[in-house]
file start-v5.cif (mmCIF, C-alpha atoms and all ligand atoms)
data_query
loop_
_atom_site.label_atom_id
_atom_site.label_comp_id
_atom_site.auth_asym_id
_atom_site.auth_seq_id
_atom_site.Cartn_x
_atom_site.Cartn_y
_atom_site.Cartn_z
CA MET A 1 -17.61 12.12 -11.85
CA ALA A 2 -13.89 11.67 -11.82
CA GLU A 3 -12.29 14.47 -9.92
CA MET A 4 -8.62 15.41 -10.00
CA ALA A 5 -7.39 16.17 -6.54
CA ALA A 6 -4.04 17.77 -5.81
CA MET A 7 -2.25 17.46 -2.50
CA ALA A 8 1.13 18.92 -1.64
CA ALA A 9 3.13 16.37 -3.58
CA MET A 10 0.86 14.17 -5.60
CA ASP A 11 -1.91 14.42 -8.17
CA TYR A 12 -4.44 11.65 -8.17
CA LEU A 13 -7.82 10.66 -9.45
CA ASP A 14 -10.46 10.35 -6.75
CA MET A 15 -13.74 8.67 -7.70
CA ARG A 16 -16.20 8.25 -4.85
CA PRO A 17 -19.37 6.21 -4.43
CA PRO A 18 -22.53 8.16 -5.27
CA ALA A 19 -24.38 9.97 -2.48
CA GLY A 20 -26.39 7.47 -0.45
CA THR A 21 -24.09 4.51 -1.25
CA PRO A 22 -22.08 3.55 1.82
CA GLU A 23 -18.33 3.33 1.19
CA VAL A 24 -17.14 -0.27 1.59
CA GLY A 25 -13.46 0.36 0.95
CA ALA A 26 -10.81 1.95 -1.22
CA LEU A 27 -9.30 0.61 -4.40
CA LEU A 28 -5.80 1.97 -4.95
CA CYS A 29 -5.30 1.79 -8.72
CA LEU A 30 -1.75 2.00 -10.05
CA HIS A 31 -1.30 2.81 -13.72
CA ALA A 32 0.80 1.27 -16.49
CA PHE A 33 3.60 2.81 -18.55
CA PRO A 34 3.56 5.03 -20.61
CA LEU A 35 0.07 5.99 -19.45
CA ASN A 36 -1.18 7.83 -16.37
CA ALA A 37 -3.93 7.61 -13.74
CA ARG A 38 -6.67 8.64 -16.17
CA MET A 39 -6.51 5.12 -17.61
CA TRP A 40 -8.62 4.20 -14.57
CA GLU A 41 -11.59 6.36 -15.61
CA ALA A 42 -12.88 3.22 -17.30
CA GLN A 43 -13.33 1.71 -13.82
CA GLN A 44 -15.81 4.40 -12.72
CA PRO A 45 -18.69 1.82 -12.63
CA LEU A 46 -17.04 0.13 -9.63
CA VAL A 47 -17.89 3.09 -7.41
CA ALA A 48 -21.58 2.19 -7.69
CA HIS A 49 -20.73 -0.86 -5.52
CA GLY A 50 -19.37 1.38 -2.75
CA TRP A 51 -15.69 1.42 -3.72
CA ARG A 52 -13.72 4.66 -3.65
CA ILE A 53 -11.09 4.64 -6.39
CA LEU A 54 -7.81 6.43 -5.71
CA ALA A 55 -5.36 6.50 -8.61
CA PRO A 56 -2.13 8.48 -8.27
CA HIS A 57 -0.18 9.79 -11.25
CA TRP A 58 3.51 8.99 -11.23
CA LEU A 59 5.23 12.08 -9.80
CA GLY A 60 6.22 14.50 -12.55
CA LEU A 61 4.12 12.92 -15.30
CA GLN A 62 1.37 15.49 -15.34
CA ARG A 63 2.91 18.65 -13.98
CA GLN A 64 6.27 20.16 -13.26
CA GLN A 65 7.46 18.84 -9.91
CA PRO A 66 10.39 16.68 -8.80
CA GLU A 67 9.76 13.41 -10.62
CA ALA A 68 10.15 10.03 -8.93
CA ASN A 69 13.08 8.02 -10.34
CA SER A 70 12.55 4.86 -8.29
CA PHE A 71 9.70 2.69 -7.05
CA ASP A 72 10.84 3.22 -3.46
CA GLU A 73 10.46 6.98 -3.84
CA MET A 74 7.07 6.63 -5.52
CA ALA A 75 5.88 4.09 -2.92
CA MET A 76 6.82 6.49 -0.13
CA ALA A 77 4.80 9.27 -1.77
CA VAL A 78 1.78 6.99 -2.22
CA LEU A 79 1.93 5.88 1.43
CA THR A 80 2.10 9.53 2.52
CA LEU A 81 -0.98 10.23 0.41
CA LEU A 82 -2.89 7.30 1.90
CA ASP A 83 -1.94 8.37 5.42
CA ARG A 84 -3.14 11.90 4.75
CA LEU A 85 -6.41 10.59 3.41
CA GLN A 86 -6.64 8.15 6.35
CA VAL A 87 -7.00 5.22 4.00
CA GLU A 88 -5.54 2.30 5.93
CA ARG A 89 -6.03 -0.93 4.03
CA PRO A 90 -6.95 -0.44 0.40
CA VAL A 91 -7.28 -3.17 -2.17
CA VAL A 92 -4.20 -2.53 -4.31
CA CYS A 93 -4.68 -2.97 -8.03
CA GLY A 94 -1.75 -2.54 -10.42
CA VAL A 95 -1.50 -3.00 -14.15
CA SER A 96 2.00 -3.82 -15.40
CA MET A 97 4.26 -1.04 -14.07
CA GLY A 98 1.50 -0.49 -11.49
CA GLY A 99 2.21 -4.03 -10.32
CA TYR A 100 5.90 -3.17 -9.85
CA LEU A 101 4.75 -0.29 -7.67
CA ALA A 102 2.40 -2.58 -5.74
CA PHE A 103 5.38 -4.78 -4.83
CA ALA A 104 7.36 -1.72 -3.71
CA LEU A 105 4.43 -0.65 -1.52
CA LEU A 106 4.23 -4.10 0.10
CA ARG A 107 7.97 -4.08 0.67
CA GLN A 108 7.60 -0.84 2.65
CA ARG A 109 4.34 -1.74 4.38
CA PRO A 110 3.70 -5.50 4.26
CA SER A 111 0.26 -5.28 5.89
CA LEU A 112 -1.00 -2.54 3.54
CA ALA A 113 -3.22 -4.50 1.18
CA ARG A 114 -6.65 -5.82 2.09
CA GLY A 115 -6.55 -7.49 -1.30
CA LEU A 116 -4.35 -7.44 -4.37
CA VAL A 117 -5.08 -7.36 -8.10
CA LEU A 118 -1.99 -7.98 -10.21
CA CYS A 119 -2.80 -7.42 -13.83
CA ASP A 120 -0.47 -8.08 -16.77
CA THR A 121 2.57 -7.66 -14.58
CA ARG A 122 5.59 -9.60 -13.35
CA ALA A 123 7.62 -9.90 -10.15
CA GLU A 124 11.03 -10.24 -11.83
CA ALA A 125 13.46 -7.35 -12.26
CA ASP A 126 14.60 -6.32 -15.75
CA PRO A 127 17.17 -8.73 -17.22
CA PRO A 128 20.25 -7.09 -18.85
CA GLN A 129 18.72 -7.11 -22.34
CA ALA A 130 15.61 -5.30 -21.13
CA ARG A 131 17.80 -2.70 -19.41
CA GLU A 132 19.56 -2.05 -22.69
CA GLY A 133 16.16 -1.52 -24.28
CA ARG A 134 15.27 0.99 -21.54
CA LEU A 135 18.51 2.91 -22.17
CA LYS A 136 17.63 3.11 -25.87
CA MET A 137 14.17 4.33 -24.93
CA LEU A 138 15.66 7.07 -22.72
CA THR A 139 17.75 8.21 -25.71
CA LEU A 140 14.69 8.13 -27.96
CA LEU A 141 12.79 10.20 -25.41
CA GLU A 142 15.58 12.74 -25.14
CA GLN A 143 16.00 13.07 -28.90
CA GLN A 144 12.43 12.76 -30.17
CA GLY A 145 10.15 13.28 -27.19
CA VAL A 146 7.13 11.60 -25.65
CA ALA A 147 5.35 11.01 -28.98
CA ALA A 148 8.18 8.76 -30.23
CA VAL A 149 8.05 6.65 -27.05
CA ALA A 150 4.27 6.39 -27.35
CA GLU A 151 4.51 5.20 -30.97
CA GLU A 152 7.15 2.66 -30.09
CA MET A 153 5.02 1.21 -27.29
CA MET A 154 1.62 1.28 -29.01
CA PRO A 155 1.85 -1.98 -31.01
CA ARG A 156 2.82 -3.95 -27.90
CA LEU A 157 0.46 -2.24 -25.44
CA LEU A 158 -2.73 -3.38 -27.10
CA GLY A 159 -3.75 -6.83 -28.20
CA GLU A 160 -3.95 -7.75 -31.88
CA THR A 161 -7.77 -7.93 -31.66
CA THR A 162 -8.08 -4.50 -30.07
CA ARG A 163 -5.74 -2.92 -32.62
CA ARG A 164 -7.80 -4.41 -35.45
CA THR A 165 -11.31 -3.81 -34.13
CA ARG A 166 -11.33 -1.02 -31.50
CA PRO A 167 -9.91 2.19 -33.00
CA GLU A 168 -11.42 4.26 -30.17
CA VAL A 169 -9.37 2.33 -27.59
CA VAL A 170 -6.21 2.73 -29.69
CA GLU A 171 -6.80 6.47 -29.83
CA ARG A 172 -7.57 6.72 -26.11
CA VAL A 173 -4.33 4.95 -25.20
CA ARG A 174 -2.33 7.13 -27.59
CA GLN A 175 -3.84 10.33 -26.13
CA LEU A 176 -3.11 9.20 -22.56
CA ALA A 177 0.53 8.56 -23.50
CA LEU A 178 0.86 11.87 -25.35
CA SER A 179 -0.47 13.84 -22.39
CA ASN A 180 2.55 12.98 -20.23
CA ARG A 181 5.61 15.14 -19.59
CA ALA A 182 8.98 13.92 -20.80
CA ALA A 183 10.67 14.35 -17.39
CA GLY A 184 8.09 12.14 -15.71
CA VAL A 185 8.34 9.52 -18.48
CA ALA A 186 12.13 9.46 -18.00
CA GLY A 187 11.58 8.97 -14.26
CA VAL A 188 9.39 5.92 -14.86
CA ILE A 189 11.84 4.35 -17.34
CA THR A 190 14.71 4.90 -14.88
CA ALA A 191 12.68 3.31 -12.08
CA MET A 192 11.67 0.30 -14.19
CA MET A 193 15.21 -0.50 -15.30
CA SER A 194 16.56 -0.40 -11.75
CA ARG A 195 13.68 -2.04 -9.91
CA ALA A 196 14.25 -4.80 -7.37
CA ASP A 197 13.34 -8.40 -8.01
CA SER A 198 10.13 -9.19 -6.09
CA THR A 199 9.82 -12.92 -6.78
CA GLY A 200 11.00 -13.72 -3.24
CA MET A 201 7.96 -11.87 -1.85
CA LEU A 202 5.33 -13.90 -3.66
CA ALA A 203 5.12 -16.88 -1.32
CA ALA A 204 4.58 -14.56 1.67
CA ILE A 205 1.61 -12.68 0.16
CA ASP A 206 -1.27 -13.61 2.42
CA CYS A 207 -4.10 -11.32 1.31
CA PRO A 208 -6.73 -12.37 -1.26
CA THR A 209 -5.06 -12.01 -4.66
CA LEU A 210 -6.44 -11.89 -8.16
CA ILE A 211 -4.05 -12.28 -11.06
CA ALA A 212 -5.45 -11.05 -14.35
CA VAL A 213 -3.97 -11.17 -17.84
CA GLY A 214 -4.95 -10.62 -21.45
CA GLU A 215 -4.30 -13.72 -23.56
CA GLU A 216 -2.82 -11.58 -26.36
CA ASP A 217 -0.41 -9.75 -24.05
CA VAL A 218 3.10 -9.80 -25.57
CA ILE A 219 4.77 -7.70 -22.84
CA THR A 220 3.83 -9.96 -19.91
CA PRO A 221 2.65 -13.17 -21.52
CA LEU A 222 0.23 -15.65 -20.01
CA GLU A 223 3.02 -17.95 -18.71
CA THR A 224 4.32 -15.11 -16.52
CA SER A 225 0.93 -14.77 -14.85
CA ARG A 226 0.57 -18.53 -14.50
CA ALA A 227 3.93 -18.64 -12.68
CA MET A 228 2.84 -15.83 -10.33
CA HIS A 229 -0.45 -17.64 -9.72
CA ALA A 230 1.49 -20.78 -8.76
CA ALA A 231 3.77 -18.80 -6.44
CA ILE A 232 1.11 -16.80 -4.53
CA PRO A 233 -0.79 -19.09 -2.15
CA GLY A 234 -4.55 -19.16 -2.74
CA SER A 235 -4.43 -16.69 -5.63
CA ARG A 236 -7.03 -16.72 -8.41
CA LEU A 237 -6.26 -16.34 -12.10
CA VAL A 238 -8.48 -14.78 -14.73
CA VAL A 239 -7.56 -14.72 -18.43
CA PHE A 240 -9.24 -12.23 -20.77
CA GLU A 241 -9.64 -13.59 -24.28
CA ARG A 242 -8.94 -11.41 -27.33
CA THR A 243 -7.24 -8.89 -25.04
CA GLY A 244 -3.70 -7.55 -24.79
CA HIS A 245 -1.65 -5.81 -22.12
CA LEU A 246 -4.34 -3.36 -20.93
CA PRO A 247 -7.53 -5.30 -20.08
CA ASN A 248 -9.00 -2.47 -17.99
CA LEU A 249 -9.15 -0.36 -21.18
CA GLU A 250 -9.45 -2.98 -23.90
CA GLN A 251 -12.26 -4.91 -22.16
CA ALA A 252 -13.38 -2.50 -19.46
CA GLU A 253 -16.70 -4.20 -18.83
CA ARG A 254 -15.21 -7.69 -18.46
CA PHE A 255 -12.38 -6.32 -16.33
CA ASN A 256 -14.83 -4.47 -14.05
CA ASP A 257 -16.98 -7.61 -13.72
CA ALA A 258 -13.95 -9.72 -12.78
CA VAL A 259 -12.70 -7.20 -10.21
CA SER A 260 -16.17 -6.68 -8.82
CA HIS A 261 -16.67 -10.45 -8.45
CA PHE A 262 -13.30 -10.67 -6.67
CA LEU A 263 -14.16 -7.76 -4.35
CA VAL A 264 -17.52 -9.25 -3.40
CA ASN A 265 -16.43 -12.86 -3.03
CA ALA A 266 -12.84 -12.80 -1.88
CA VAL A 267 -11.95 -9.56 -0.11
C1 LIG A 301 3.77 -1.13 -18.58
O1 LIG A 301 2.79 -1.41 -19.28
O2 LIG A 301 3.65 -0.60 -17.48
C2 LIG A 301 5.13 -1.43 -19.14
O3 LIG A 301 5.02 -2.04 -20.38
C3 LIG A 301 5.93 -2.28 -18.20
C4 LIG A 301 7.31 -2.55 -18.68
O4 LIG A 301 7.73 -2.01 -19.71
O5 LIG A 301 8.03 -3.31 -18.00
#
call {"tool": "encode", "arguments": {"input": "start-v5.cif", "output": "structure tokens", "more": "lines below"}}
Ligand code: MLT
result
Amino acid sequence: MAEMAAMAAMDYLDMRPPAGTPEVGALLCLHAFPLNARMWEAQQPLVAHGWRILAPHWLGLQRQQPEANSFDEMAMAVLTLLDRLQVERPVVCGVSMGGYLAFALLRQRPSLARGLVLCDTRAEADPPQAREGRLKMLTLLEQQGVAAVAEEMMPRLLGETTRRTRPEVVERVRQLALSNRAAGVAGVITAMMSRADSTGMLAAIDCPTLIAVGEEDVITPLETSRAMHAAIPGSRLVVFERTGHLPNLEQAERFNDAVSHFLVNAV
């Protein structure tokens, strides 16, 4: 069962292997925007293989507390959490904004990751046009709240196939987005628009790396993942057909199989 654990500063999802299954490692799962850590509940089956899943919520998204406004701040909080839990070398798995956070973590602690899963994400910083879009989104959030941001994002978050054929996934994603607090959402938008460019780090990544992407993703299209695959030595690339920006929710079973295969064979 997924269990919400609260430590001094950070709320996170903690899913452990069942009794009698030896723990083989930790999977640090970093969520996308405008969702939260509960998007990783769909990865519960991975614990049967001995993986403990730790998934932090962005600070301030789920409860009133000082929100993080930068990836550096959030990375520091995640590292503090891992140290408290005595988790030394997790496999770090980030979807989209979670990938931005993965890069910030590696910047602060280069030897952190035993393995890396970069899903529907990019290493580049926001170009000026994207920053303008973020400023408009902050205004929308201030004037009309979290629901308006969720509705603006929805058509791009999910692939065309999922939107047409999987109403339950559409509803799940909407509910995850609606459950967030406006202050936390503003913190994430602020962090995304001011994030550092991480492309210079790619060539130095020396842990096993899986790059995953949905072929219908319009936010981080396939070419972006192909370029990251070319830049990270020895990385593997998996493309999910008929899937958009959120493969772990849109095609949970295929995503779990791909990650599980990577964990068994590469990490
Ligand atoms: C996400 O899914 O985390 C966001 O779409 C990322 C972004 O807007 O850059």
call {"tool": "atom_distance", "arguments": {"input": "start-v5.cif", "atom1": "CA of Glu168 (chain A)", "atom2": "CA of Leu249 (chain A)"}}
result
10.4 Å
call {"tool": "atom_distance", "arguments": {"input": "start-v5.cif", "atom1": "CA of Arg122 (chain A)", "atom2": "CA of Ala147 (chain A)"}}
result
25.9 Å
call {"tool": "atom_distance", "arguments": {"input": "start-v5.cif", "atom1": "CA of Ala125 (chain A)", "atom2": "CA of Val185 (chain A)"}}
result
18.7 Å
call {"tool": "residues_near_ligand", "arguments": {"input": "start-v5.cif", "ligand": "ligand LIG 301 (chain A)", "cutoff": "10 Å", "atoms": "all atoms listed in the file", "output": "number ranges by chain"}}
result
A: 30-36, 94-101, 119-122, 124-126, 130-131, 133-134, 153-154, 156-158, 188-189, 192-193, 195, 218-220, 245-246
call {"tool": "residues_around", "arguments": {"input": "start-v5.cif", "residues": "Ala230 (chain A)", "least_positions_apart": "5", "cutoff": "12 Å", "atoms": "only C-alpha atoms", "output": "tab-separated table (two decimals) with C-alpha atoms, keeping the file's coordinate frame"}}
result
chain	number	residue	atom	x	y	z
A	199	THR	CA	9.82	-12.92	-6.78
A	202	LEU	CA	5.33	-13.90	-3.66
A	203	ALA	CA	5.12	-16.88	-1.32
A	209	THR	CA	-5.06	-12.01	-4.66
A	210	LEU	CA	-6.44	-11.89	-8.16
A	211	ILE	CA	-4.05	-12.28	-11.06
A	223	GLU	CA	3.02	-17.95	-18.71
A	224	THR	CA	4.32	-15.11	-16.52
A	225	SER	CA	0.93	-14.77	-14.85
A	235	SER	CA	-4.43	-16.69	-5.63
A	236	ARG	CA	-7.03	-16.72	-8.41
A	237	LEU	CA	-6.26	-16.34	-12.10
call {"tool": "closest_residue", "arguments": {"input": "start-v5.cif", "among": "A:Gln44, A:Thr161, A:Ala186, A:Gly115", "to": "Trp58 (chain A)", "atoms": "only C-alpha atoms"}}
result
A:Ala186
call {"tool": "residues_around", "arguments": {"input": "start-v5.cif", "residues": "Cys207 (chain A)", "least_positions_apart": "4", "cutoff": "8 Å", "atoms": "only C-alpha atoms", "output": "PyMOL selection string"}}
result
chain A and resi 113-116
call {"tool": "write_last_selection", "arguments": {"input": "start-v5.cif", "atoms": "C-alpha atoms", "output": "PDB file, in the frame of the given file"}}
result
ATOM      1  CA  ALA A 113      -3.220  -4.500   1.180  1.00  0.00           C
ATOM      2  CA  ARG A 114      -6.650  -5.820   2.090  1.00  0.00           C
ATOM      3  CA  GLY A 115      -6.550  -7.490  -1.300  1.00  0.00           C
ATOM      4  CA  LEU A 116      -4.350  -7.440  -4.370  1.00  0.00           C
TER       5      LEU A 116
END
call {"tool": "closest_residue", "arguments": {"input": "start-v5.cif", "among": "A:Pro17, A:Pro22, A:Gly234, A:Leu141", "to": "Ala183 (chain A)", "atoms": "all atoms listed in the file"}}
result
A:Leu141
call {"tool": "closest_residue", "arguments": {"input": "start-v5.cif", "among": "A:Leu140, A:Ala148, A:Ala102, A:Val267", "to": "Ser198 (chain A)", "atoms": "only C-alpha atoms"}}
result
A:Ala102
call {"tool": "closest_residue", "arguments": {"input": "start-v5.cif", "among": "A:Ser70, A:Ser260, A:Thr80, A:Gln143", "to": "Ala196 (chain A)", "atoms": "only C-alpha atoms"}}
result
A:Ser70
call {"tool": "closest_residue", "arguments": {"input": "start-v5.cif", "among": "A:Ala123, A:Leu138, A:Leu112, A:Phe262", "to": "Asp206 (chain A)", "atoms": "only C-alpha atoms"}}
result
A:Leu112
call {"tool": "closest_residue", "arguments": {"input": "start-v5.cif", "among": "A:Met201, A:Ala9, A:Leu81, A:Leu28", "to": "Gly60 (chain A)", "atoms": "only C-alpha atoms"}}
result
A:Ala9
call {"tool": "axis_aligned_box", "arguments": {"input": "start-v5.cif", "around": "region 215-226 of chain A", "padding_each_side": "6 Å", "output": "AutoDock Vina command-line options"}}
result
--center_x 0.2 --center_y -13.1 --center_z -20.4 --size_x 21.1 --size_y 22.8 --size_z 23.9
call {"tool": "residues_around", "arguments": {"input": "start-v5.cif", "residues": "Val239 (chain A)", "least_positions_apart": "3", "cutoff": "7 Å", "atoms": "only C-alpha atoms", "output": "PyMOL selection string"}}
result
chain A and resi 212-215
